[in-house]
Each structure stands twice: as C-alpha cells, then as structure tokens.
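Visitor: model_26.tsv is reproduced below (TSV, N, CA, C and O atoms).
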```tsv
chain	number	residue	atom	x	y	z
A	1	MET	N	0.82	-1.20	0.00
A	1	MET	CA	0.00	0.00	0.00
A	1	MET	C	0.86	1.26	0.00
A	1	MET	O	0.34	2.33	-0.21
A	2	ALA	N	2.13	1.13	0.17
A	2	ALA	CA	3.00	2.31	0.29
A	2	ALA	C	2.78	3.29	-0.86
A	2	ALA	O	2.77	4.49	-0.64
A	3	LYS	N	2.59	2.78	-2.07
A	3	LYS	CA	2.39	3.66	-3.21
A	3	LYS	C	1.16	4.54	-3.02
A	3	LYS	O	1.14	5.70	-3.42
A	4	TYR	N	0.11	3.98	-2.43
A	4	TYR	CA	-1.15	4.70	-2.30
A	4	TYR	C	-1.34	5.38	-0.95
A	4	TYR	O	-2.38	6.00	-0.70
A	5	ALA	N	-0.33	5.33	-0.09
A	5	ALA	CA	-0.40	5.99	1.22
A	5	ALA	C	-0.67	7.50	1.08
A	5	ALA	O	-1.46	8.05	1.86
A	6	PRO	N	-0.05	8.19	0.12
A	6	PRO	CA	-0.37	9.61	-0.03
A	6	PRO	C	-1.84	9.86	-0.39
A	6	PRO	O	-2.42	10.86	0.02
A	7	LEU	N	-2.46	8.93	-1.13
A	7	LEU	CA	-3.88	9.08	-1.45
A	7	LEU	C	-4.71	8.90	-0.19
A	7	LEU	O	-5.68	9.65	0.04
A	8	THR	N	-4.33	7.95	0.65
A	8	THR	CA	-5.03	7.76	1.93
A	8	THR	C	-4.96	9.05	2.74
A	8	THR	O	-5.99	9.54	3.25
A	9	SER	N	-3.77	9.62	2.85
A	9	SER	CA	-3.60	10.87	3.62
A	9	SER	C	-4.42	12.00	3.02
A	9	SER	O	-5.07	12.76	3.75
A	10	PHE	N	-4.42	12.11	1.70
A	10	PHE	CA	-5.18	13.15	1.02
A	10	PHE	C	-6.67	13.01	1.33
A	10	PHE	O	-7.34	13.98	1.70
A	11	LEU	N	-7.20	11.80	1.17
A	11	LEU	CA	-8.63	11.59	1.41
A	11	LEU	C	-9.00	11.83	2.86
A	11	LEU	O	-10.06	12.39	3.15
A	12	ARG	N	-8.14	11.45	3.79
A	12	ARG	CA	-8.42	11.68	5.21
A	12	ARG	C	-8.54	13.16	5.54
A	12	ARG	O	-9.28	13.55	6.44
A	13	ARG	N	-7.81	13.99	4.82
A	13	ARG	CA	-7.84	15.45	5.07
A	13	ARG	C	-9.08	16.13	4.50
A	13	ARG	O	-9.33	17.30	4.81
A	14	GLN	N	-9.82	15.43	3.68
A	14	GLN	CA	-10.98	16.05	3.03
A	14	GLN	C	-12.12	16.24	4.02
A	14	GLN	O	-12.43	15.36	4.80
A	15	LYS	N	-12.73	17.40	3.95
A	15	LYS	CA	-13.87	17.71	4.83
A	15	LYS	C	-15.19	17.28	4.20
A	15	LYS	O	-16.16	17.04	4.90
A	16	ARG	N	-15.21	17.21	2.88
A	16	ARG	CA	-16.45	16.86	2.17
A	16	ARG	C	-16.68	15.36	2.19
A	16	ARG	O	-15.76	14.57	2.32
A	17	ALA	N	-17.93	14.97	2.02
A	17	ALA	CA	-18.29	13.55	1.99
A	17	ALA	C	-18.00	12.94	0.63
A	17	ALA	O	-17.94	11.72	0.50
A	18	GLU	N	-17.84	13.77	-0.39
A	18	GLU	CA	-17.58	13.29	-1.74
A	18	GLU	C	-16.45	14.10	-2.36
A	18	GLU	O	-16.40	15.31	-2.22
A	19	VAL	N	-15.55	13.38	-3.04
A	19	VAL	CA	-14.38	14.01	-3.65
A	19	VAL	C	-14.23	13.46	-5.06
A	19	VAL	O	-14.21	12.23	-5.25
A	20	ASP	N	-14.13	14.34	-6.04
A	20	ASP	CA	-13.89	13.93	-7.42
A	20	ASP	C	-12.44	14.20	-7.79
A	20	ASP	O	-11.95	15.33	-7.59
A	21	LEU	N	-11.78	13.19	-8.33
A	21	LEU	CA	-10.38	13.32	-8.76
A	21	LEU	C	-10.22	12.73	-10.16
A	21	LEU	O	-10.83	11.70	-10.47
A	22	THR	N	-9.40	13.37	-10.96
A	22	THR	CA	-9.04	12.79	-12.24
A	22	THR	C	-7.89	11.82	-12.02
A	22	THR	O	-7.22	11.86	-10.98
A	23	PHE	N	-7.66	10.95	-12.99
A	23	PHE	CA	-6.51	10.05	-12.89
A	23	PHE	C	-5.24	10.87	-12.73
A	23	PHE	O	-4.35	10.50	-11.96
A	24	ARG	N	-5.14	11.97	-13.44
A	24	ARG	CA	-3.95	12.82	-13.35
A	24	ARG	C	-3.79	13.40	-11.94
A	24	ARG	O	-2.69	13.45	-11.41
A	25	ASP	N	-4.90	13.79	-11.32
A	25	ASP	CA	-4.86	14.27	-9.93
A	25	ASP	C	-4.29	13.18	-9.02
A	25	ASP	O	-3.43	13.44	-8.17
A	26	ILE	N	-4.80	11.96	-9.19
A	26	ILE	CA	-4.37	10.84	-8.36
A	26	ILE	C	-2.89	10.56	-8.59
A	26	ILE	O	-2.14	10.32	-7.63
A	27	GLU	N	-2.46	10.62	-9.84
A	27	GLU	CA	-1.03	10.40	-10.14
A	27	GLU	C	-0.16	11.45	-9.47
A	27	GLU	O	0.91	11.14	-8.95
A	28	ARG	N	-0.62	12.68	-9.44
A	28	ARG	CA	0.13	13.73	-8.75
A	28	ARG	C	0.19	13.45	-7.25
A	28	ARG	O	1.23	13.64	-6.61
A	29	ILE	N	-0.93	13.03	-6.69
A	29	ILE	CA	-1.00	12.77	-5.25
A	29	ILE	C	-0.06	11.63	-4.87
A	29	ILE	O	0.66	11.72	-3.88
A	30	VAL	N	-0.09	10.53	-5.64
A	30	VAL	CA	0.74	9.36	-5.29
A	30	VAL	C	2.16	9.47	-5.80
A	30	VAL	O	3.01	8.67	-5.43
A	31	GLY	N	2.42	10.46	-6.65
A	31	GLY	CA	3.77	10.65	-7.16
A	31	GLY	C	4.21	9.57	-8.14
A	31	GLY	O	5.38	9.21	-8.19
A	32	GLY	N	3.27	9.04	-8.90
A	32	GLY	CA	3.59	8.02	-9.89
A	32	GLY	C	2.43	7.79	-10.83
A	32	GLY	O	1.32	8.28	-10.61
A	33	ILE	N	2.69	7.03	-11.86
A	33	ILE	CA	1.69	6.76	-12.87
A	33	ILE	C	0.83	5.57	-12.44
A	33	ILE	O	1.34	4.58	-11.91
A	34	LEU	N	-0.47	5.69	-12.66
A	34	LEU	CA	-1.38	4.59	-12.38
A	34	LEU	C	-1.14	3.46	-13.39
A	34	LEU	O	-0.76	3.73	-14.54
A	35	PRO	N	-1.37	2.23	-12.99
A	35	PRO	CA	-1.19	1.12	-13.93
A	35	PRO	C	-2.24	1.15	-15.02
A	35	PRO	O	-3.31	1.77	-14.87
A	36	LYS	N	-1.98	0.47	-16.13
A	36	LYS	CA	-2.94	0.40	-17.23
A	36	LYS	C	-4.27	-0.18	-16.77
A	36	LYS	O	-5.33	0.17	-17.29
A	37	ALA	N	-4.23	-1.07	-15.77
A	37	ALA	CA	-5.45	-1.69	-15.25
A	37	ALA	C	-6.41	-0.65	-14.67
A	37	ALA	O	-7.61	-0.91	-14.56
A	38	ALA	N	-5.93	0.53	-14.31
A	38	ALA	CA	-6.79	1.58	-13.75
A	38	ALA	C	-7.82	2.06	-14.78
A	38	ALA	O	-8.81	2.69	-14.41
A	39	ALA	N	-7.60	1.75	-16.04
A	39	ALA	CA	-8.53	2.14	-17.10
A	39	ALA	C	-9.79	1.27	-17.11
A	39	ALA	O	-10.69	1.48	-17.90
A	40	VAL	N	-9.85	0.28	-16.21
A	40	VAL	CA	-11.00	-0.62	-16.09
A	40	VAL	C	-11.68	-0.34	-14.74
A	40	VAL	O	-11.01	-0.34	-13.71
A	41	ASP	N	-12.98	-0.11	-14.78
A	41	ASP	CA	-13.71	0.20	-13.54
A	41	ASP	C	-13.46	-0.81	-12.44
A	41	ASP	O	-13.35	-0.45	-11.27
A	42	GLY	N	-13.35	-2.08	-12.79
A	42	GLY	CA	-13.17	-3.13	-11.79
A	42	GLY	C	-11.91	-3.00	-10.96
A	42	GLY	O	-11.84	-3.48	-9.83
A	43	TRP	N	-10.89	-2.33	-11.49
A	43	TRP	CA	-9.64	-2.14	-10.74
A	43	TRP	C	-9.88	-1.29	-9.49
A	43	TRP	O	-9.22	-1.46	-8.48
A	44	TRP	N	-10.85	-0.42	-9.56
A	44	TRP	CA	-11.15	0.51	-8.46
A	44	TRP	C	-12.09	-0.08	-7.43
A	44	TRP	O	-12.14	0.38	-6.30
A	45	ARG	N	-12.88	-1.07	-7.83
A	45	ARG	CA	-13.91	-1.63	-6.95
A	45	ARG	C	-13.41	-2.89	-6.26
A	45	ARG	O	-12.96	-3.82	-6.92
A	46	ALA	N	-13.53	-2.91	-4.95
A	46	ALA	CA	-13.11	-4.09	-4.19
A	46	ALA	C	-14.16	-5.18	-4.34
A	46	ALA	O	-15.35	-4.93	-4.21
A	47	ASP	N	-13.71	-6.39	-4.61
A	47	ASP	CA	-14.58	-7.56	-4.69
A	47	ASP	C	-14.64	-8.17	-3.30
A	47	ASP	O	-13.63	-8.66	-2.80
A	48	PRO	N	-15.82	-8.16	-2.66
A	48	PRO	CA	-15.91	-8.68	-1.29
A	48	PRO	C	-15.43	-10.12	-1.15
A	48	PRO	O	-14.95	-10.51	-0.10
A	49	SER	N	-15.54	-10.90	-2.21
A	49	SER	CA	-15.11	-12.30	-2.13
A	49	SER	C	-13.67	-12.49	-2.62
A	49	SER	O	-13.14	-13.59	-2.54
A	50	GLY	N	-13.07	-11.42	-3.09
A	50	GLY	CA	-11.72	-11.51	-3.63
A	50	GLY	C	-10.68	-10.88	-2.73
A	50	GLY	O	-10.97	-10.41	-1.63
A	51	GLN	N	-9.47	-10.87	-3.22
A	51	GLN	CA	-8.35	-10.29	-2.49
A	51	GLN	C	-8.40	-8.77	-2.56
A	51	GLN	O	-8.66	-8.21	-3.63
A	52	LEU	N	-8.16	-8.12	-1.43
A	52	LEU	CA	-8.08	-6.66	-1.43
A	52	LEU	C	-6.73	-6.25	-1.99
A	52	LEU	O	-5.70	-6.77	-1.60
A	53	MET	N	-6.77	-5.32	-2.89
A	53	MET	CA	-5.55	-4.81	-3.51
A	53	MET	C	-5.13	-3.54	-2.78
A	53	MET	O	-5.93	-2.93	-2.06
A	54	PRO	N	-3.87	-3.12	-2.95
A	54	PRO	CA	-3.38	-1.94	-2.22
A	54	PRO	C	-4.24	-0.69	-2.40
A	54	PRO	O	-4.44	0.04	-1.42
A	55	GLN	N	-4.74	-0.46	-3.59
A	55	GLN	CA	-5.57	0.73	-3.80
A	55	GLN	C	-6.88	0.63	-3.02
A	55	GLN	O	-7.35	1.62	-2.46
A	56	HIS	N	-7.45	-0.56	-2.91
A	56	HIS	CA	-8.69	-0.73	-2.14
A	56	HIS	C	-8.46	-0.46	-0.66
A	56	HIS	O	-9.29	0.17	0.00
A	57	ILE	N	-7.35	-0.94	-0.16
A	57	ILE	CA	-7.00	-0.72	1.25
A	57	ILE	C	-6.81	0.77	1.52
A	57	ILE	O	-7.26	1.29	2.54
A	58	ALA	N	-6.18	1.46	0.57
A	58	ALA	CA	-5.95	2.90	0.73
A	58	ALA	C	-7.26	3.66	0.85
A	58	ALA	O	-7.41	4.52	1.73
A	59	PHE	N	-8.24	3.36	-0.01
A	59	PHE	CA	-9.53	4.06	0.05
A	59	PHE	C	-10.24	3.73	1.36
A	59	PHE	O	-10.77	4.61	2.03
A	60	ALA	N	-10.27	2.43	1.69
A	60	ALA	CA	-10.97	1.98	2.90
A	60	ALA	C	-10.35	2.58	4.16
A	60	ALA	O	-11.07	2.99	5.07
A	61	ASP	N	-9.02	2.61	4.22
A	61	ASP	CA	-8.34	3.18	5.39
A	61	ASP	C	-8.68	4.65	5.57
A	61	ASP	O	-8.67	5.17	6.68
A	62	ALA	N	-8.98	5.33	4.46
A	62	ALA	CA	-9.36	6.74	4.53
A	62	ALA	C	-10.86	6.90	4.79
A	62	ALA	O	-11.34	8.01	4.99
A	63	GLY	N	-11.60	5.79	4.74
A	63	GLY	CA	-13.04	5.85	4.98
A	63	GLY	C	-13.86	6.14	3.74
A	63	GLY	O	-14.97	6.65	3.84
A	64	PHE	N	-13.32	5.81	2.56
A	64	PHE	CA	-14.00	6.09	1.30
A	64	PHE	C	-14.16	4.83	0.46
A	64	PHE	O	-13.42	3.87	0.62
A	65	VAL	N	-15.13	4.89	-0.43
A	65	VAL	CA	-15.26	3.90	-1.50
A	65	VAL	C	-15.09	4.66	-2.81
A	65	VAL	O	-15.36	5.87	-2.88
A	66	ALA	N	-14.63	3.96	-3.84
A	66	ALA	CA	-14.39	4.57	-5.14
A	66	ALA	C	-15.52	4.23	-6.09
A	66	ALA	O	-15.95	3.08	-6.17
A	67	GLU	N	-16.00	5.23	-6.79
A	67	GLU	CA	-16.98	5.06	-7.86
A	67	GLU	C	-16.31	5.57	-9.14
A	67	GLU	O	-16.37	6.75	-9.45
A	68	PRO	N	-15.65	4.66	-9.86
A	68	PRO	CA	-14.87	5.09	-11.02
A	68	PRO	C	-15.70	5.38	-12.27
A	68	PRO	O	-16.78	4.82	-12.44
A	69	GLN	N	-15.19	6.25	-13.07
A	69	GLN	CA	-15.67	6.51	-14.41
A	69	GLN	C	-14.43	6.40	-15.29
A	69	GLN	O	-13.86	7.41	-15.71
A	70	ALA	N	-13.98	5.17	-15.50
A	70	ALA	CA	-12.69	4.94	-16.16
A	70	ALA	C	-12.62	5.56	-17.55
A	70	ALA	O	-11.57	6.10	-17.93
A	71	ARG	N	-13.70	5.52	-18.29
A	71	ARG	CA	-13.67	6.13	-19.63
A	71	ARG	C	-13.38	7.62	-19.56
A	71	ARG	O	-12.72	8.18	-20.43
A	72	ALA	N	-13.89	8.27	-18.53
A	72	ALA	CA	-13.65	9.70	-18.34
A	72	ALA	C	-12.37	9.97	-17.57
A	72	ALA	O	-11.99	11.12	-17.37
A	73	GLU	N	-11.73	8.89	-17.11
A	73	GLU	CA	-10.52	8.97	-16.31
A	73	GLU	C	-10.73	9.82	-15.06
A	73	GLU	O	-9.92	10.70	-14.73
A	74	THR	N	-11.83	9.54	-14.38
A	74	THR	CA	-12.13	10.20	-13.12
A	74	THR	C	-12.60	9.16	-12.10
A	74	THR	O	-13.08	8.08	-12.47
A	75	VAL	N	-12.47	9.52	-10.84
A	75	VAL	CA	-12.97	8.67	-9.76
A	75	VAL	C	-13.71	9.56	-8.77
A	75	VAL	O	-13.21	10.61	-8.36
A	76	HIS	N	-14.91	9.13	-8.45
A	76	HIS	CA	-15.74	9.83	-7.46
A	76	HIS	C	-15.59	9.03	-6.17
A	76	HIS	O	-16.00	7.87	-6.10
A	77	PHE	N	-14.96	9.62	-5.17
A	77	PHE	CA	-14.78	8.97	-3.87
A	77	PHE	C	-15.90	9.42	-2.95
A	77	PHE	O	-16.19	10.62	-2.85
A	78	VAL	N	-16.53	8.46	-2.28
A	78	VAL	CA	-17.65	8.76	-1.37
A	78	VAL	C	-17.27	8.23	0.01
A	78	VAL	O	-16.90	7.07	0.17
A	79	ARG	N	-17.38	9.12	1.00
A	79	ARG	CA	-17.10	8.71	2.38
A	79	ARG	C	-18.08	7.61	2.77
A	79	ARG	O	-19.25	7.66	2.44
A	80	LEU	N	-17.59	6.59	3.44
A	80	LEU	CA	-18.42	5.43	3.77
A	80	LEU	C	-19.69	5.82	4.50
A	80	LEU	O	-20.75	5.27	4.23
A	81	ASP	N	-19.63	6.75	5.42
A	81	ASP	CA	-20.83	7.19	6.13
A	81	ASP	C	-21.85	7.77	5.16
A	81	ASP	O	-23.04	7.51	5.28
A	82	ALA	N	-21.38	8.54	4.19
A	82	ALA	CA	-22.28	9.13	3.19
A	82	ALA	C	-22.85	8.04	2.30
A	82	ALA	O	-24.03	8.07	1.94
A	83	ALA	N	-22.04	7.05	1.95
A	83	ALA	CA	-22.52	5.95	1.11
A	83	ALA	C	-23.61	5.18	1.84
A	83	ALA	O	-24.62	4.80	1.25
A	84	ARG	N	-23.44	4.95	3.13
A	84	ARG	CA	-24.46	4.26	3.91
A	84	ARG	C	-25.74	5.08	3.98
A	84	ARG	O	-26.84	4.57	3.87
A	85	TYR	N	-25.58	6.41	4.14
A	85	TYR	CA	-26.74	7.29	4.20
A	85	TYR	C	-27.52	7.21	2.89
A	85	TYR	O	-28.73	7.06	2.88
A	86	HIS	N	-26.80	7.30	1.74
A	86	HIS	CA	-27.46	7.23	0.44
A	86	HIS	C	-28.16	5.89	0.27
A	86	HIS	O	-29.27	5.83	-0.24
A	87	SER	N	-27.53	4.83	0.70
A	87	SER	CA	-28.11	3.50	0.59
A	87	SER	C	-29.38	3.40	1.44
A	87	SER	O	-30.40	2.88	0.99
A	88	ASP	N	-29.33	3.91	2.66
A	88	ASP	CA	-30.50	3.90	3.54
A	88	ASP	C	-31.63	4.74	2.94
A	88	ASP	O	-32.79	4.36	3.01
A	89	THR	N	-31.28	5.88	2.36
A	89	THR	CA	-32.28	6.76	1.75
A	89	THR	C	-32.96	6.06	0.59
A	89	THR	O	-34.18	6.10	0.46
A	90	GLU	N	-32.16	5.40	-0.25
A	90	GLU	CA	-32.74	4.69	-1.40
A	90	GLU	C	-33.67	3.59	-0.93
A	90	GLU	O	-34.75	3.41	-1.50
A	91	ARG	N	-33.28	2.83	0.10
A	91	ARG	CA	-34.15	1.76	0.60
A	91	ARG	C	-35.44	2.32	1.15
A	91	ARG	O	-36.51	1.79	0.92
A	92	ALA	N	-35.38	3.44	1.88
A	92	ALA	CA	-36.58	4.06	2.44
A	92	ALA	C	-37.49	4.56	1.31
A	92	ALA	O	-38.71	4.40	1.38
A	93	GLU	N	-36.90	5.16	0.27
A	93	GLU	CA	-37.69	5.64	-0.85
A	93	GLU	C	-38.36	4.48	-1.58
A	93	GLU	O	-39.49	4.61	-2.03
A	94	ASP	N	-37.64	3.36	-1.69
A	94	ASP	CA	-38.22	2.17	-2.34
A	94	ASP	C	-39.44	1.68	-1.57
A	94	ASP	O	-40.38	1.15	-2.16
A	95	ARG	N	-39.42	1.85	-0.24
A	95	ARG	CA	-40.54	1.41	0.60
A	95	ARG	C	-41.61	2.49	0.69
A	95	ARG	O	-42.65	2.29	1.30
A	96	GLY	N	-41.33	3.65	0.09
A	96	GLY	CA	-42.30	4.74	0.12
A	96	GLY	C	-42.30	5.53	1.40
A	96	GLY	O	-43.23	6.25	1.70
A	97	GLY	N	-41.22	5.42	2.16
A	97	GLY	CA	-41.15	6.14	3.44
A	97	GLY	C	-39.92	7.00	3.54
A	97	GLY	O	-39.19	7.18	2.58
A	98	ALA	N	-39.71	7.51	4.71
A	98	ALA	CA	-38.53	8.33	4.98
A	98	ALA	C	-37.66	7.60	5.97
A	98	ALA	O	-38.08	6.64	6.61
A	99	ILE	N	-36.47	8.11	6.13
A	99	ILE	CA	-35.52	7.50	7.08
A	99	ILE	C	-35.92	7.82	8.49
A	99	ILE	O	-36.32	8.89	8.82
```
Produce structure tokens that represent the structure in this file.
Guide:
Amino acid sequence: MAKYAPLTSFLRRQKRAEVDLTFRDIERIVGGILPKAAAVDGWWRADPSGQLMPQHIAFADAGFVAEPQARAETVHFVRLDAARYHSDTERAEDRGGAI
C-alpha cells in the first residue's frame, strides 16, 4: 500500500463527503503513474469475495469507496458514512417512506 499511502492521507484530510479526482490528480498525489489496469472500472472496486488490492486498502483506510468513471478517467470517492446514508435513503424511498 505504500504507493497509495499519499492518497489515503489526502482523502483523510478532506472535509467533504464526496471528492472527485481525475486520474492525473491521483497520479500527482501518489507521485507516480497509475497502472494500465486503472482504465477498467473493476480495478477501483473491491470484490468482497476476492483479495483486497493496495488501492482498495488505501480508500478503505481513509473511509471512502471509489466510484470510477474509467472512460472519463475520473474517480468519485464517497465517504463510507455518506454511502451508507445514500443506501439507507434509497431503501426508504423504495418502501415509500422516509428514514
């Protein structure tokens, strides 16, 4: 995870619940080029049944999940608390109620 430690630090410093970064922004933050695999959305998303990769650990340690838009070369990071809130809101709306 050492490569992505600066991204963890960056995300931890964010006050907002959502942060949008371009691949170039992330490369500047980590001080290196992202692998070619970053061009695939799946590289950014942790598979609960699979092995956690260093980038997944970095986001999770900062309290964020990644919502990639690989074609646009951007990643929308959502703080886990905000992601849970959105999920709860969607479930309540599906039931026709409020939280």
Visitor: To one decimal in Å, tell me the separation between atom N of Ala46 of chain A and atom CA of Thr74 of chain A.
Guide: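 Between atom N of Ala46 of chain A and atom CA of Thr74 of chain A the gap is 15.5 Å.
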Visitor: I'd like the neighbourhood of segment 30-32 of chain A as a PyMOL selection string, where a residue qualifies if any of its atoms comes within 6 Å (using all atoms listed in the file), though same-chain residues fewer than 5 positions away should be ignored.
Guide: chain A and resi 3-4+6-7+25
Visitor: Skipping near chain neighbours, those fewer than 6 positions away, what residues fall within 7 Å of Ala39 of chain A using only N, CA, C and O atoms, listed as a PyMOL selection string?
Guide: chain A and resi 69-71
Visitor: What is the atom CA of Phe77 of chain A-atom CA of Val19 of chain A distance in Å, reported with one decimal?
Guide: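 Taking atom CA of Phe77 of chain A and atom CA of Val19 of chain A, their separation equals 5.1 Å.
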Visitor: In Å, with one decimal, what is the gap from atom C of Asp41 of chain A to atom O of Arg12 of chain A?
Guide: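 Calculated distance between atom C of Asp41 of chain A and atom O of Arg12 of chain A is 24.1 Å.
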Visitor: I'd like to know which of A:Val65, A:Leu52, A:Ala72, A:Ala5 is closest to Ala38 of chain A, using only C-alpha atoms.
Guide: A:Ala72
Visitor: As a list in words, please: every residue in chain A that a backbone DSSP assignment puts in strand (DSSP E or B).
Guide: Glu18, Val19, Asp20, Leu21, Thr22, Phe64, Val65, Ala66, Glu67, Pro68, Gln69, Thr74, Val75, His76, Phe77, Val78 and Arg79 of chain A
Visitor: Would you mind telling me which residue in A:Ile57, A:Pro68, A:Arg45, A:Arg79 lies nearest to Leu21 of chain A when using only N, CA, C and O atoms?
Guide: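 Once distances to Leu21 of chain A are computed over only N, CA, C and O atoms, the minimum belongs to A:Pro68.
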Visitor: Enumerate as a VMD selection string all residues of chain A assigned to helix (DSSP H, G or I) by DSSP on the backbone, naming them with the chain letters and numbers the document uses.
Guide: chain A and resid 2 to 13 23 to 30 36 to 39 41 to 44 54 to 62 70 to 72 80 to 94
Visitor: Please write as an mmCIF file with N, CA, C and O atoms, in the coordinates of the input the list of polymer residues whose atoms come within 8 Å of (-18.0, 8.8, 0.7), counting all atoms listed in the file and keeping to the coordinates of the file.
Guide:
```cif
data_model
loop_
_atom_site.group_PDB
_atom_site.id
_atom_site.type_symbol
_atom_site.label_atom_id
_atom_site.label_comp_id
_atom_site.auth_asym_id
_atom_site.auth_seq_id
_atom_site.Cartn_x
_atom_site.Cartn_y
_atom_site.Cartn_z
ATOM 1 N N ARG A 16 -15.210 17.210 2.880
ATOM 2 C CA ARG A 16 -16.450 16.860 2.170
ATOM 3 C C ARG A 16 -16.680 15.360 2.190
ATOM 4 O O ARG A 16 -15.760 14.570 2.320
ATOM 5 N N ALA A 17 -17.930 14.970 2.020
ATOM 6 C CA ALA A 17 -18.290 13.550 1.990
ATOM 7 C C ALA A 17 -18.000 12.940 0.630
ATOM 8 O O ALA A 17 -17.940 11.720 0.500
ATOM 9 N N GLU A 18 -17.840 13.770 -0.390
ATOM 10 C CA GLU A 18 -17.580 13.290 -1.740
ATOM 11 C C GLU A 18 -16.450 14.100 -2.360
ATOM 12 O O GLU A 18 -16.400 15.310 -2.220
ATOM 13 N N VAL A 19 -15.550 13.380 -3.040
ATOM 14 C CA VAL A 19 -14.380 14.010 -3.650
ATOM 15 C C VAL A 19 -14.230 13.460 -5.060
ATOM 16 O O VAL A 19 -14.210 12.230 -5.250
ATOM 17 N N ALA A 62 -8.980 5.330 4.460
ATOM 18 C CA ALA A 62 -9.360 6.740 4.530
ATOM 19 C C ALA A 62 -10.860 6.900 4.790
ATOM 20 O O ALA A 62 -11.340 8.010 4.990
ATOM 21 N N GLY A 63 -11.600 5.790 4.740
ATOM 22 C CA GLY A 63 -13.040 5.850 4.980
ATOM 23 C C GLY A 63 -13.860 6.140 3.740
ATOM 24 O O GLY A 63 -14.970 6.650 3.840
ATOM 25 N N PHE A 64 -13.320 5.810 2.560
ATOM 26 C CA PHE A 64 -14.000 6.090 1.300
ATOM 27 C C PHE A 64 -14.160 4.830 0.460
ATOM 28 O O PHE A 64 -13.420 3.870 0.620
ATOM 29 N N VAL A 65 -15.130 4.890 -0.430
ATOM 30 C CA VAL A 65 -15.260 3.900 -1.500
ATOM 31 C C VAL A 65 -15.090 4.660 -2.810
ATOM 32 O O VAL A 65 -15.360 5.870 -2.880
ATOM 33 N N ALA A 66 -14.630 3.960 -3.840
ATOM 34 C CA ALA A 66 -14.390 4.570 -5.140
ATOM 35 C C ALA A 66 -15.520 4.230 -6.090
ATOM 36 O O ALA A 66 -15.950 3.080 -6.170
ATOM 37 N N HIS A 76 -14.910 9.130 -8.450
ATOM 38 C CA HIS A 76 -15.740 9.830 -7.460
ATOM 39 C C HIS A 76 -15.590 9.030 -6.170
ATOM 40 O O HIS A 76 -16.000 7.870 -6.100
ATOM 41 N N PHE A 77 -14.960 9.620 -5.170
ATOM 42 C CA PHE A 77 -14.780 8.970 -3.870
ATOM 43 C C PHE A 77 -15.900 9.420 -2.950
ATOM 44 O O PHE A 77 -16.190 10.620 -2.850
ATOM 45 N N VAL A 78 -16.530 8.460 -2.280
ATOM 46 C CA VAL A 78 -17.650 8.760 -1.370
ATOM 47 C C VAL A 78 -17.270 8.230 0.010
ATOM 48 O O VAL A 78 -16.900 7.070 0.170
ATOM 49 N N ARG A 79 -17.380 9.120 1.000
ATOM 50 C CA ARG A 79 -17.100 8.710 2.380
ATOM 51 C C ARG A 79 -18.080 7.610 2.770
ATOM 52 O O ARG A 79 -19.250 7.660 2.440
ATOM 53 N N LEU A 80 -17.590 6.590 3.440
ATOM 54 C CA LEU A 80 -18.420 5.430 3.770
ATOM 55 C C LEU A 80 -19.690 5.820 4.500
ATOM 56 O O LEU A 80 -20.750 5.270 4.230
ATOM 57 N N ASP A 81 -19.630 6.750 5.420
ATOM 58 C CA ASP A 81 -20.830 7.190 6.130
ATOM 59 C C ASP A 81 -21.850 7.770 5.160
ATOM 60 O O ASP A 81 -23.040 7.510 5.280
ATOM 61 N N ALA A 82 -21.380 8.540 4.190
ATOM 62 C CA ALA A 82 -22.280 9.130 3.190
ATOM 63 C C ALA A 82 -22.850 8.040 2.300
ATOM 64 O O ALA A 82 -24.030 8.070 1.940
ATOM 65 N N ALA A 83 -22.040 7.050 1.950
ATOM 66 C CA ALA A 83 -22.520 5.950 1.110
ATOM 67 C C ALA A 83 -23.610 5.180 1.840
ATOM 68 O O ALA A 83 -24.620 4.800 1.250
ATOM 69 N N ARG A 84 -23.440 4.950 3.130
ATOM 70 C CA ARG A 84 -24.460 4.260 3.910
ATOM 71 C C ARG A 84 -25.740 5.080 3.980
ATOM 72 O O ARG A 84 -26.840 4.570 3.870
#
```
